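Q: Sharing target-v5.txt here; it has compact mmCIF, C-alpha atoms and all ligand atoms.
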# COMPACT_ATOMS: atom_id res chain seq x y z
CA MET A 10 -0.75 30.88 3.70
CA THR A 11 -2.85 27.92 2.72
CA PRO A 12 -2.48 25.25 5.37
CA THR A 13 -1.25 22.01 3.95
CA HIS A 14 -1.80 19.68 6.85
CA GLY A 15 -3.41 19.43 10.25
CA SER A 16 -0.32 18.89 12.36
CA SER A 17 2.18 21.69 12.78
CA THR A 18 -0.01 24.21 10.98
CA PRO A 19 -2.63 26.31 12.76
CA ALA A 20 -6.30 25.37 12.32
CA PRO A 21 -7.37 26.73 8.96
CA THR A 22 -9.48 29.80 8.65
CA SER A 23 -12.61 29.64 6.53
CA PRO A 24 -12.58 31.25 3.12
CA PRO A 25 -13.99 34.79 3.05
CA GLY A 26 -17.75 34.72 3.46
CA GLY A 27 -17.75 31.04 4.51
CA ASP A 28 -19.55 29.78 7.60
CA GLY A 29 -16.41 28.13 8.96
CA ARG A 30 -17.55 24.64 8.01
CA GLY A 31 -15.53 22.68 5.54
CA PHE A 32 -12.07 21.26 5.09
CA PHE A 33 -9.56 23.63 3.60
CA HIS A 34 -6.25 21.76 3.87
CA LYS A 35 -4.45 20.78 0.70
CA HIS A 36 -3.31 17.39 2.01
CA LEU A 37 -4.47 14.91 4.62
CA LEU A 38 -1.27 13.87 6.36
CA GLY A 39 -2.54 13.30 9.87
CA ILE A 40 -5.32 13.85 12.38
CA GLU A 41 -3.11 15.76 14.81
CA GLY A 42 -3.99 19.44 14.58
CA LEU A 43 -7.39 19.00 12.92
CA ASN A 44 -10.21 20.62 14.86
CA PRO A 45 -13.61 19.09 15.78
CA LEU A 46 -15.41 21.05 13.05
CA GLU A 47 -13.14 19.71 10.34
CA ILE A 48 -13.41 16.14 11.60
CA GLY A 49 -17.19 16.46 11.98
CA TYR A 50 -17.44 17.83 8.45
CA LEU A 51 -15.51 14.89 6.94
CA LEU A 52 -17.71 12.45 8.86
CA GLU A 53 -20.88 14.16 7.64
CA ILE A 54 -19.79 13.90 4.01
CA ALA A 55 -18.74 10.28 4.57
CA ASP A 56 -22.22 9.51 5.93
CA THR A 57 -23.75 10.50 2.61
CA TYR A 58 -21.38 8.15 0.79
CA VAL A 59 -22.38 5.25 3.02
CA GLU A 60 -25.90 5.62 1.62
CA GLN A 61 -24.64 5.94 -1.95
CA ASN A 62 -22.53 2.79 -1.57
CA ARG A 63 -25.58 0.79 -0.50
CA ARG A 64 -27.44 1.61 -3.71
CA ALA A 65 -27.19 -0.46 -6.87
CA ASN A 66 -25.74 2.49 -8.78
CA LYS A 67 -22.68 3.41 -6.75
CA LYS A 68 -20.99 5.60 -9.33
CA LYS A 69 -20.73 9.37 -9.58
CA SER A 70 -18.78 11.43 -12.07
CA LEU A 71 -17.60 13.98 -9.52
CA LEU A 72 -13.89 13.35 -10.17
CA LYS A 73 -14.23 12.56 -13.87
CA GLY A 74 -11.00 13.28 -15.72
CA MET A 75 -8.89 13.24 -12.55
CA THR A 76 -6.11 10.75 -11.79
CA LEU A 77 -5.41 9.04 -8.48
CA ILE A 78 -2.16 7.15 -7.92
CA ASN A 79 -2.02 4.64 -5.07
CA LEU A 80 1.68 4.54 -4.16
CA PHE A 81 2.28 1.81 -1.60
CA PHE A 82 5.79 1.11 -0.28
CA GLU A 83 4.28 -1.30 2.29
CA THR A 84 1.73 -4.03 1.76
CA SER A 85 -1.96 -3.36 2.21
CA THR A 86 -5.24 -5.07 1.48
CA ARG A 87 -8.09 -3.00 2.89
CA THR A 88 -6.62 0.48 2.54
CA ARG A 89 -5.37 0.13 -1.03
CA THR A 90 -8.51 -1.61 -2.27
CA SER A 91 -10.81 0.86 -0.62
CA PHE A 92 -8.96 3.88 -2.02
CA GLU A 93 -9.15 2.25 -5.45
CA LEU A 94 -12.86 1.62 -5.06
CA ALA A 95 -13.43 5.11 -3.65
CA GLY A 96 -11.66 6.71 -6.61
CA LYS A 97 -13.52 4.58 -9.16
CA ARG A 98 -16.89 5.22 -7.53
CA LEU A 99 -16.24 8.95 -7.88
CA GLY A 100 -15.34 8.50 -11.54
CA CYS A 101 -11.59 9.08 -11.54
CA ASP A 102 -8.82 7.04 -13.15
CA VAL A 103 -6.89 4.97 -10.62
CA ILE A 104 -3.37 3.56 -10.96
CA ASN A 105 -1.90 1.20 -8.35
CA MET A 106 1.83 1.13 -7.69
CA GLN A 107 3.17 -1.33 -5.14
CA THR A 108 6.86 -0.84 -4.43
CA ASP A 109 9.03 -2.94 -2.18
CA ALA A 110 10.50 -0.42 0.25
CA SER A 111 13.40 -2.70 1.14
CA SER A 112 14.73 -2.69 -2.41
CA ILE A 113 15.00 1.08 -2.73
CA LYS A 114 17.31 3.60 -1.18
CA LYS A 115 15.41 5.63 1.38
CA GLY A 116 14.98 9.37 0.91
CA GLU A 117 16.53 9.94 -2.46
CA THR A 118 14.50 7.26 -4.22
CA LEU A 119 11.28 8.25 -2.51
CA LEU A 120 11.74 11.81 -3.70
CA ASP A 121 12.82 10.67 -7.17
CA THR A 122 9.64 8.64 -7.37
CA ALA A 123 7.62 11.64 -6.24
CA ILE A 124 9.17 13.93 -8.84
CA THR A 125 8.73 11.35 -11.62
CA LEU A 126 5.09 10.77 -10.77
CA ASN A 127 4.49 14.50 -10.41
CA ALA A 128 5.50 14.97 -14.04
CA MET A 129 2.48 12.84 -14.99
CA HIS A 130 0.15 15.32 -13.24
CA PRO A 131 -1.74 13.08 -10.84
CA ASP A 132 -4.42 15.01 -8.96
CA ILE A 133 -4.26 12.78 -5.89
CA LEU A 134 -1.43 10.66 -4.50
CA VAL A 135 -2.32 8.14 -1.81
CA VAL A 136 0.91 7.09 -0.14
CA ARG A 137 1.92 4.41 2.37
CA HIS A 138 5.51 4.17 3.59
CA SER A 139 7.34 2.39 6.41
CA GLU A 140 9.09 5.56 7.59
CA SER A 141 7.29 8.09 9.80
CA GLY A 142 7.35 11.47 8.06
CA ALA A 143 8.01 10.08 4.57
CA VAL A 144 4.56 11.01 3.27
CA LYS A 145 4.91 14.61 4.46
CA LEU A 146 8.30 14.82 2.75
CA LEU A 147 6.76 13.58 -0.49
CA SER A 148 3.85 16.04 -0.21
CA GLU A 149 6.34 18.91 -0.34
CA LYS A 150 7.56 17.81 -3.79
CA VAL A 151 4.32 17.33 -5.69
CA ASP A 152 1.57 19.57 -7.02
CA GLY A 153 -1.45 17.36 -6.38
CA CYS A 154 -2.99 16.58 -3.03
CA VAL A 155 -1.49 13.84 -0.90
CA ILE A 156 -3.26 11.47 1.46
CA ASN A 157 -1.30 9.59 4.08
CA ALA A 158 -2.33 5.93 3.93
CA GLY A 159 -0.01 5.10 6.85
CA ASP A 160 3.55 6.27 7.55
CA GLY A 161 5.58 4.07 9.88
CA ARG A 162 4.30 4.31 13.44
CA HIS A 163 3.19 7.89 12.94
CA GLU A 164 -0.35 8.32 11.54
CA HIS A 165 -3.08 6.59 9.54
CA PRO A 166 -5.68 9.35 9.35
CA THR A 167 -8.31 7.64 7.17
CA GLN A 168 -8.34 4.64 9.54
CA ALA A 169 -9.13 6.92 12.49
CA LEU A 170 -11.85 8.64 10.45
CA LEU A 171 -13.48 5.35 9.47
CA ASP A 172 -13.31 4.18 13.08
CA ALA A 173 -14.96 7.43 14.18
CA LEU A 174 -17.68 7.03 11.55
CA THR A 175 -18.36 3.47 12.72
CA ILE A 176 -18.57 4.59 16.35
CA ARG A 177 -20.77 7.58 15.58
CA ARG A 178 -23.23 5.56 13.52
CA ARG A 179 -23.45 2.78 16.15
CA LYS A 180 -23.46 4.94 19.30
CA GLY A 181 -24.92 8.18 17.92
CA ARG A 182 -21.99 10.23 19.30
CA ILE A 183 -18.30 10.20 20.15
CA GLU A 184 -18.25 12.80 22.91
CA GLY A 185 -18.39 11.31 26.39
CA LEU A 186 -17.71 7.72 25.32
CA THR A 187 -14.96 5.70 26.97
CA VAL A 188 -12.73 4.00 24.42
CA ALA A 189 -10.08 1.42 25.36
CA ILE A 190 -7.33 0.97 22.75
CA CYS A 191 -5.55 -2.28 23.54
CA GLY A 192 -2.37 -4.11 22.54
CA ASP A 193 0.62 -2.97 20.55
CA ILE A 194 0.26 0.81 20.98
CA LEU A 195 4.01 1.38 20.53
CA HIS A 196 4.13 0.34 16.87
CA SER A 197 0.66 1.48 15.89
CA ARG A 198 -0.09 4.45 13.65
CA VAL A 199 -3.76 3.50 14.04
CA ALA A 200 -3.50 4.08 17.80
CA ARG A 201 -1.86 7.48 17.36
CA SER A 202 -4.41 8.76 14.84
CA ASN A 203 -7.28 7.42 16.92
CA ILE A 204 -5.95 9.01 20.12
CA HIS A 205 -5.76 12.40 18.39
CA LEU A 206 -9.21 12.07 16.84
CA LEU A 207 -11.07 10.65 19.83
CA THR A 208 -9.60 13.11 22.36
CA THR A 209 -10.32 16.01 19.97
CA MET A 210 -13.94 14.86 19.68
CA GLY A 211 -14.36 14.63 23.47
CA ALA A 212 -14.06 10.88 24.14
CA ARG A 213 -12.17 9.52 27.14
CA VAL A 214 -9.35 7.35 25.83
CA ARG A 215 -7.58 4.58 27.70
CA VAL A 216 -4.61 2.63 26.43
CA VAL A 217 -4.20 -0.92 27.72
CA ALA A 218 -0.87 -2.67 27.11
CA PRO A 219 2.21 -4.13 28.75
CA PRO A 220 4.80 -1.41 29.52
CA THR A 221 7.05 -2.70 26.70
CA LEU A 222 4.36 -1.98 24.09
CA LEU A 223 3.66 1.61 25.14
CA PRO A 224 5.47 4.69 23.80
CA ALA A 225 7.35 6.75 26.39
CA ALA A 226 5.19 9.42 28.07
CA VAL A 227 2.05 8.26 26.23
CA GLU A 228 -0.12 9.94 28.90
CA ARG A 229 0.97 13.29 27.45
CA LEU A 230 -1.37 12.50 24.55
CA GLY A 231 -4.27 12.84 26.99
CA VAL A 232 -4.91 9.14 27.63
CA GLU A 233 -5.19 7.05 30.79
CA VAL A 234 -2.75 4.13 30.98
CA PHE A 235 -3.65 0.61 32.13
CA HIS A 236 -1.55 -2.54 32.21
CA ASP A 237 -4.40 -4.84 33.20
CA MET A 238 -7.11 -5.69 30.62
CA ARG A 239 -9.99 -6.14 33.08
CA ARG A 240 -9.31 -2.81 34.76
CA GLY A 241 -8.73 -1.06 31.45
CA LEU A 242 -11.94 -2.41 29.94
CA GLU A 243 -14.11 -1.71 32.98
CA ASN A 244 -17.28 0.11 31.88
CA CYS A 245 -15.92 1.14 28.53
CA ASP A 246 -18.15 1.68 25.46
CA ILE A 247 -15.63 0.69 22.79
CA VAL A 248 -12.89 -1.95 22.84
CA MET A 249 -10.45 -1.30 20.02
CA MET A 250 -7.94 -4.12 19.56
CA LEU A 251 -4.66 -3.67 17.68
CA ARG A 252 -2.53 -6.13 15.78
CA LEU A 253 0.74 -7.21 17.29
CA GLN A 254 3.05 -5.62 14.68
CA GLN A 255 5.91 -8.10 14.75
CA GLU A 256 7.38 -6.71 11.52
CA ARG A 257 8.19 -3.44 13.34
CA MET A 258 9.69 -5.12 16.41
CA ARG A 259 13.46 -4.99 16.78
CA GLY A 260 14.29 -7.03 19.86
CA SER A 261 12.07 -8.83 22.32
CA TYR A 262 8.99 -7.06 23.52
CA LEU A 263 7.08 -10.10 24.79
CA PRO A 264 7.85 -13.33 26.58
CA SER A 265 5.69 -15.24 24.07
CA VAL A 266 2.63 -14.83 21.87
CA ARG A 267 0.77 -17.36 24.01
CA GLU A 268 1.45 -15.34 27.15
CA PHE A 269 0.40 -12.15 25.36
CA PHE A 270 -2.95 -13.73 24.49
CA HIS A 271 -3.38 -14.92 28.06
CA PHE A 272 -2.97 -11.42 29.51
CA TYR A 273 -4.03 -9.12 26.66
CA GLY A 274 -5.96 -11.16 24.08
CA LEU A 275 -9.62 -10.19 23.93
CA ASP A 276 -11.93 -13.06 24.88
CA HIS A 277 -15.43 -13.11 26.35
CA ALA A 278 -14.09 -13.32 29.91
CA LYS A 279 -12.11 -10.08 29.61
CA LEU A 280 -14.84 -8.43 27.54
CA SER A 281 -17.33 -8.95 30.40
CA ALA A 282 -15.62 -6.07 32.25
CA ALA A 283 -16.79 -3.64 29.54
CA LYS A 284 -20.36 -2.31 29.22
CA PRO A 285 -22.80 -5.01 28.06
CA ASP A 286 -23.28 -3.18 24.74
CA ALA A 287 -19.60 -2.35 24.24
CA LEU A 288 -18.52 -2.49 20.61
CA ILE A 289 -15.51 -4.54 19.49
CA MET A 290 -13.28 -3.01 16.82
CA HIS A 291 -10.07 -4.00 15.03
CA PRO A 292 -8.42 -2.22 12.06
CA GLY A 293 -7.28 -5.48 10.48
CA PRO A 294 -5.52 -7.59 9.54
CA MET A 295 -6.38 -9.64 12.63
CA ASN A 296 -4.13 -12.20 14.26
CA ARG A 297 -6.80 -14.54 15.57
CA GLY A 298 -5.72 -16.19 18.82
CA VAL A 299 -3.01 -13.55 19.36
CA GLU A 300 -4.73 -10.24 20.16
CA ILE A 301 -8.30 -11.40 19.68
CA ASP A 302 -10.19 -14.63 20.16
CA THR A 303 -11.92 -15.80 16.99
CA VAL A 304 -15.34 -16.17 18.68
CA VAL A 305 -15.24 -12.57 19.88
CA ALA A 306 -14.03 -11.27 16.50
CA ASP A 307 -16.97 -12.96 14.75
CA ASP A 308 -19.63 -12.11 17.37
CA ILE A 309 -22.29 -10.57 15.15
CA HIS A 310 -23.89 -8.70 18.05
CA ARG A 311 -20.76 -7.06 19.40
CA SER A 312 -18.17 -6.90 16.63
CA ALA A 313 -18.13 -3.91 14.25
CA ILE A 314 -15.08 -5.16 12.33
CA GLN A 315 -16.86 -5.74 8.99
CA GLU A 316 -18.68 -2.43 9.34
CA GLN A 317 -15.30 -0.72 9.73
CA VAL A 318 -14.34 -2.07 6.31
CA GLU A 319 -17.57 -0.72 4.80
CA MET A 320 -17.04 2.71 6.41
CA GLY A 321 -13.51 2.75 4.97
CA VAL A 322 -14.76 3.16 1.42
CA ALA A 323 -17.18 5.96 2.37
CA VAL A 324 -14.56 7.85 4.39
CA ARG A 325 -12.04 7.64 1.55
CA MET A 326 -14.64 8.92 -0.91
CA ALA A 327 -15.29 11.85 1.42
CA CYS A 328 -11.56 12.63 1.61
CA LEU A 329 -11.16 12.50 -2.18
CA ASP A 330 -14.22 14.71 -2.58
CA VAL A 331 -13.20 17.45 -0.13
CA LEU A 332 -9.49 17.55 -1.01
CA THR A 333 -10.17 18.01 -4.74
CA ARG A 334 -12.95 20.54 -4.29
CA LYS A 335 -10.82 23.64 -4.73
CA VAL A 336 -9.21 22.32 -7.93
CA ARG A 337 -12.57 21.28 -9.34
CA GLU A 338 -14.13 24.65 -8.53
CA THR A 339 -11.24 26.52 -10.15
CA GLU A 340 -11.53 24.33 -13.24
CA LEU A 341 -15.25 25.04 -13.41
CA LYS A 342 -14.67 28.80 -13.10
CA ASN A 343 -12.12 28.61 -15.90
CA GLY A 344 -14.66 26.89 -18.11
CA GLY A 345 -13.16 23.36 -17.98
CA ALA A 346 -15.11 20.16 -17.43
CA SER A 347 -15.90 19.41 -13.78
N1 LIG B 401 -3.85 -1.88 8.66
C1 LIG B 401 -3.37 -1.06 9.75
C2 LIG B 401 -2.11 -0.30 9.37
O1 LIG B 401 -1.73 -0.29 8.23
C3 LIG B 401 -3.21 -1.84 11.01
C4 LIG B 401 -2.23 -2.95 10.97
O2 LIG B 401 -1.51 -3.15 9.99
O3 LIG B 401 -2.16 -3.65 11.98
O4 LIG B 401 -1.51 0.31 10.22
Please rewrite the model in this file as structure tokens.
Ligand code: ASP
A:
Amino acid sequence: MTPTHGSSTPAPTSPPGGDGRGFFHKHLLGIEGLNPLEIGYLLEIADTYVEQNRRANKKKSLLKGMTLINLFFETSTRTRTSFELAGKRLGCDVINMQTDASSIKKGETLLDTAITLNAMHPDILVVRHSESGAVKLLSEKVDGCVINAGDGRHEHPTQALLDALTIRRRKGRIEGLTVAICGDILHSRVARSNIHLLTTMGARVRVVAPPTLLPAAVERLGVEVFHDMRRGLENCDIVMMLRLQQERMRGSYLPSVREFFHFYGLDHAKLSAAKPDALIMHPGPMNRGVEIDTVVADDIHRSAIQEQVEMGVAVRMACLDVLTRKVRETELKNGGAS
């Protein structure tokens, strides 16, 4: 059986005669279940695209003739734009569809949309949805490959990959680093994908948050739990801040935003507990003065936040490249244009 996704399917075997390196899943729905070789392979390919994106001629015709549909049921700036750019830089046609999830009936309409779009033969569907599991459901109804651009609180695999690429390029490795992921872990798909990726690649991961913003039994994911920022940041190499996701909060999780900043907002005083060369990261969009102080966010020596945005395009190009490889090779064998 061809594996379709990292989580819940065994690690893929290499094709006959292969050296085991590569990425042989049909979709990219999550990081959970991917192995270090697969993650390392995606990062290696992404590295080559970083160089290409820094040249004046950024375009390739690798995906010429293919169609990518960006299907976003939740708002997005960075992710949607960078998938669009990634697709265009690889020469494919890109269509953007932004749908207001609140105005549609869940389930039935999502699948109706999937079936309708499938009839137009897109080769790649990049999907963001507010419900965990919705993207996987959709992937079962379409013929092309599906990339999860964020499903509820579940996963955001390309964000974790671009974070890993940023860390690897700055620190030269991931293994052995101590990474503190801080803030609203409970509502964060970025946290979940990063925990899976970083622990798989041999980093030590800490989560730092008030008890109300932590998922139950989070330590089962292989992380150390801290409720105090200074203790959680002590000697760490990477400080990854998360946005307070108020749109996902039902009920009161915090006394006040001001109090949250006082205890958990990253400022230079709290940062001094980390290693002197610790890197500051944030997936964006940032709430300045809520989870991160503006001076720290803009610190050109410590903050890698803009670099994360740059790595996002390269990582998404790598994902489009590897996921369409099998289709492109088959087309080539059958005598079609590549
Ligand atoms: N952009 C990220 C996401 O879509 C992080 C965030 O929204 O806070 O999950």
Q: Go through A:Met295, A:Leu332, A:Ala218, A:Ala173 and flag the residue nearest A:Tyr262, using all atoms listed in the file for the distances.
A: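 The closest residue to A:Tyr262 is A:Ala218.
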Q: Take the point (-15.5, 20.2, 22.5) as written in the file and pick out every residue within 8 Å of it, counting only C-alpha atoms; give the list as a PyMOL selection string.
A: chain A and resi 45+184+209-211
Q: Show which residues sit within 7 Å of A:Ser197, as a ChimeraX atom specification. Count only C-alpha atoms, and ignore same-chain residues fewer than 4 positions away.
A: /A:162,193,201
Q: Tell me which protein, DNA and RNA residues are within 7 Å of A:Ala55, counting all atoms listed in the file, leaving out same-chain ones fewer than 4 positions away, and put them as JSON, numbers by chain.
A: {"A": [51, 59, 323, 324, 326, 327]}
Q: Do a neighbour search on A:Arg334 at 12 Å with only C-alpha atoms, toss out local chain neighbours closer than 2 positions, and write the hits as a ChimeraX atom specification.
A: /A:31-36,71-72,75,132-133,154,327-332,336-341,347
Q: Produce a file of the selected residues containing C-alpha atoms, as a CSV table (one decimal), in the coordinates of the input.
A:
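The result, stored in again.csv:
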chain,number,residue,atom,x,y,z
A,31,GLY,CA,-15.5,22.7,5.5
A,32,PHE,CA,-12.1,21.3,5.1
A,33,PHE,CA,-9.6,23.6,3.6
A,34,HIS,CA,-6.2,21.8,3.9
A,35,LYS,CA,-4.4,20.8,0.7
A,36,HIS,CA,-3.3,17.4,2.0
A,71,LEU,CA,-17.6,14.0,-9.5
A,72,LEU,CA,-13.9,13.4,-10.2
A,75,MET,CA,-8.9,13.2,-12.6
A,132,ASP,CA,-4.4,15.0,-9.0
A,133,ILE,CA,-4.3,12.8,-5.9
A,154,CYS,CA,-3.0,16.6,-3.0
A,327,ALA,CA,-15.3,11.8,1.4
A,328,CYS,CA,-11.6,12.6,1.6
A,329,LEU,CA,-11.2,12.5,-2.2
A,330,ASP,CA,-14.2,14.7,-2.6
A,331,VAL,CA,-13.2,17.4,-0.1
A,332,LEU,CA,-9.5,17.6,-1.0
A,336,VAL,CA,-9.2,22.3,-7.9
A,337,ARG,CA,-12.6,21.3,-9.3
A,338,GLU,CA,-14.1,24.6,-8.5
A,339,THR,CA,-11.2,26.5,-10.2
A,340,GLU,CA,-11.5,24.3,-13.2
A,341,LEU,CA,-15.2,25.0,-13.4
A,347,SER,CA,-15.9,19.4,-13.8
Q: Could you tell me, counting all atoms listed in the file, which protein and nucleic acid residues lie no more than 6 Å from ligand LIG 401 (chain B), written as a compact mmCIF listing (two decimals) with C-alpha atoms, keeping the file's coordinate frame?
A:
# COMPACT_ATOMS: atom_id res chain seq x y z
CA GLY A 159 -0.01 5.10 6.85
CA ARG A 198 -0.09 4.45 13.65
CA VAL A 199 -3.76 3.50 14.04
CA ARG A 252 -2.53 -6.13 15.78
CA PRO A 292 -8.42 -2.22 12.06
CA GLY A 293 -7.28 -5.48 10.48
CA PRO A 294 -5.52 -7.59 9.54
Q: Pick from A:Met249, A:Leu171, A:Leu38, A:Met106: nearest to A:Leu147, with all atoms listed in the file counted?
A: A:Leu38
Q: May I ask which of the residues A:Gly298, A:Pro166, A:Pro220, A:Gly241 is the closest one to A:Ala200, counting all atoms listed in the file?
A: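 Smallest separation from A:Ala200 among the options: A:Pro166.
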Q: Report, in Å with one decimal, the straight-line distance from atom CA of A:Arg64 to atom CA of A:Arg178.
A: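 Straight-line distance from atom CA of A:Arg64 to atom CA of A:Arg178 works out to 18.2 Å.
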Q: Excluding A:Gly100 and residues on its chain fewer than 4 positions from it, collect all residues at most 6 Å away from it, counting only C-alpha atoms, and give them as a VMD selection string.
A: chain A and resid 69 to 70 72 to 73
Q: Between atom CA of A:Ser91 and atom CA of A:Asn66, what is the distance in Å, rounded to a tenth?
A: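 A separation of 17.1 Å between them.
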Q: Can you report as AutoDock Vina command-line options the centre and edge lengths in Å, to one decimal, of an axis-aligned box around the listed atoms of stretch 272-277 of chain A padded with 8 Å on each side?
A:
--center_x -9.2 --center_y -11.1 --center_z 26.7 --size_x 28.5 --size_y 20.0 --size_z 21.6
Q: Considering only C-alpha atoms, state which residue in the set A:Lys145, A:Arg215, A:Lys68, A:Lys150 is at the smallest distance from A:Ile194.
A: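 The shortest atom-to-atom distance to A:Ile194 comes from A:Arg215.
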Q: I need the residue nearest A:Ile40 from this list: A:Asp307, A:Glu233, A:Glu256, A:Glu164. Use all atoms listed in the file for the distance.
A: A:Glu164
Q: Between A:Asp172, A:Asn44, A:Ala189, A:Leu99, which residue has the minimum interatomic distance to A:Tyr58, considering only C-alpha atoms?
A: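 The answer is A:Leu99, which sits nearest to A:Tyr58.
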Q: Give me, as JSON, numbers by chain, all polymer residues having an atom no more than 6 Å from A:Lys279, counting only C-alpha atoms and skipping those fewer than 3 positions away in the same chain.
A: {"A": [239, 276, 282]}
Q: With the input short on atoms, add all heavy atoms back to stretch 305-312 of chain A and write it as a PDB file, keeping the file's coordinate frame.
A:
ATOM      1  N   VAL A 305     -14.927 -13.975  19.604  1.00  0.00           N
ATOM      2  CA  VAL A 305     -15.240 -12.570  19.880  1.00  0.00           C
ATOM      3  C   VAL A 305     -15.198 -11.763  18.582  1.00  0.00           C
ATOM      4  O   VAL A 305     -16.077 -10.944  18.310  1.00  0.00           O
ATOM      5  CB  VAL A 305     -14.225 -11.990  20.911  1.00  0.00           C
ATOM      6  CG1 VAL A 305     -14.449 -10.510  21.110  1.00  0.00           C
ATOM      7  CG2 VAL A 305     -14.332 -12.730  22.232  1.00  0.00           C
ATOM      8  N   ALA A 306     -14.180 -12.016  17.762  1.00  0.00           N
ATOM      9  CA  ALA A 306     -14.030 -11.270  16.500  1.00  0.00           C
ATOM     10  C   ALA A 306     -15.255 -11.459  15.607  1.00  0.00           C
ATOM     11  O   ALA A 306     -15.673 -10.540  14.908  1.00  0.00           O
ATOM     12  CB  ALA A 306     -12.775 -11.721  15.776  1.00  0.00           C
ATOM     13  N   ASP A 307     -15.843 -12.653  15.636  1.00  0.00           N
ATOM     14  CA  ASP A 307     -16.970 -12.960  14.750  1.00  0.00           C
ATOM     15  C   ASP A 307     -18.334 -12.807  15.421  1.00  0.00           C
ATOM     16  O   ASP A 307     -19.354 -13.191  14.845  1.00  0.00           O
ATOM     17  CB  ASP A 307     -16.815 -14.384  14.200  1.00  0.00           C
ATOM     18  CG  ASP A 307     -15.552 -14.536  13.368  1.00  0.00           C
ATOM     19  OD1 ASP A 307     -15.069 -13.511  12.851  1.00  0.00           O
ATOM     20  OD2 ASP A 307     -15.043 -15.670  13.239  1.00  0.00           O
ATOM     21  N   ASP A 308     -18.363 -12.276  16.633  1.00  0.00           N
ATOM     22  CA  ASP A 308     -19.630 -12.110  17.370  1.00  0.00           C
ATOM     23  C   ASP A 308     -20.492 -11.050  16.659  1.00  0.00           C
ATOM     24  O   ASP A 308     -20.187  -9.850  16.711  1.00  0.00           O
ATOM     25  CB  ASP A 308     -19.285 -11.663  18.802  1.00  0.00           C
ATOM     26  CG  ASP A 308     -20.520 -11.510  19.676  1.00  0.00           C
ATOM     27  OD1 ASP A 308     -21.617 -11.275  19.124  1.00  0.00           O
ATOM     28  OD2 ASP A 308     -20.384 -11.626  20.901  1.00  0.00           O
ATOM     29  N   ILE A 309     -21.530 -11.510  15.988  1.00  0.00           N
ATOM     30  CA  ILE A 309     -22.290 -10.570  15.150  1.00  0.00           C
ATOM     31  C   ILE A 309     -23.012  -9.479  15.966  1.00  0.00           C
ATOM     32  O   ILE A 309     -23.369  -8.442  15.431  1.00  0.00           O
ATOM     33  CB  ILE A 309     -23.324 -11.279  14.226  1.00  0.00           C
ATOM     34  CG1 ILE A 309     -24.167 -12.262  15.027  1.00  0.00           C
ATOM     35  CG2 ILE A 309     -22.663 -11.940  13.034  1.00  0.00           C
ATOM     36  CD1 ILE A 309     -25.409 -12.711  14.284  1.00  0.00           C
ATOM     37  N   HIS A 310     -23.211  -9.712  17.242  1.00  0.00           N
ATOM     38  CA  HIS A 310     -23.890  -8.700  18.050  1.00  0.00           C
ATOM     39  C   HIS A 310     -22.937  -7.625  18.561  1.00  0.00           C
ATOM     40  O   HIS A 310     -23.331  -6.491  18.785  1.00  0.00           O
ATOM     41  CB  HIS A 310     -24.598  -9.357  19.239  1.00  0.00           C
ATOM     42  CG  HIS A 310     -25.571 -10.397  18.810  1.00  0.00           C
ATOM     43  ND1 HIS A 310     -26.708 -10.073  18.116  1.00  0.00           N
ATOM     44  CD2 HIS A 310     -25.559 -11.755  18.927  1.00  0.00           C
ATOM     45  CE1 HIS A 310     -27.366 -11.189  17.828  1.00  0.00           C
ATOM     46  NE2 HIS A 310     -26.682 -12.224  18.307  1.00  0.00           N
ATOM     47  N   ARG A 311     -21.690  -7.999  18.758  1.00  0.00           N
ATOM     48  CA  ARG A 311     -20.760  -7.060  19.400  1.00  0.00           C
ATOM     49  C   ARG A 311     -19.689  -6.519  18.461  1.00  0.00           C
ATOM     50  O   ARG A 311     -19.176  -5.428  18.682  1.00  0.00           O
ATOM     51  CB  ARG A 311     -20.033  -7.772  20.566  1.00  0.00           C
ATOM     52  CG  ARG A 311     -20.933  -8.491  21.550  1.00  0.00           C
ATOM     53  CD  ARG A 311     -21.688  -7.512  22.418  1.00  0.00           C
ATOM     54  NE  ARG A 311     -20.827  -6.702  23.251  1.00  0.00           N
ATOM     55  CZ  ARG A 311     -20.410  -7.052  24.466  1.00  0.00           C
ATOM     56  NH1 ARG A 311     -20.772  -8.191  24.987  1.00  0.00           N
ATOM     57  NH2 ARG A 311     -19.651  -6.246  25.174  1.00  0.00           N
ATOM     58  N   SER A 312     -19.305  -7.296  17.457  1.00  0.00           N
ATOM     59  CA  SER A 312     -18.170  -6.900  16.630  1.00  0.00           C
ATOM     60  C   SER A 312     -18.585  -5.967  15.486  1.00  0.00           C
ATOM     61  O   SER A 312     -19.539  -6.238  14.758  1.00  0.00           O
ATOM     62  CB  SER A 312     -17.508  -8.165  16.057  1.00  0.00           C
ATOM     63  OG  SER A 312     -16.590  -7.799  15.064  1.00  0.00           O
TER      64      SER A 312
END
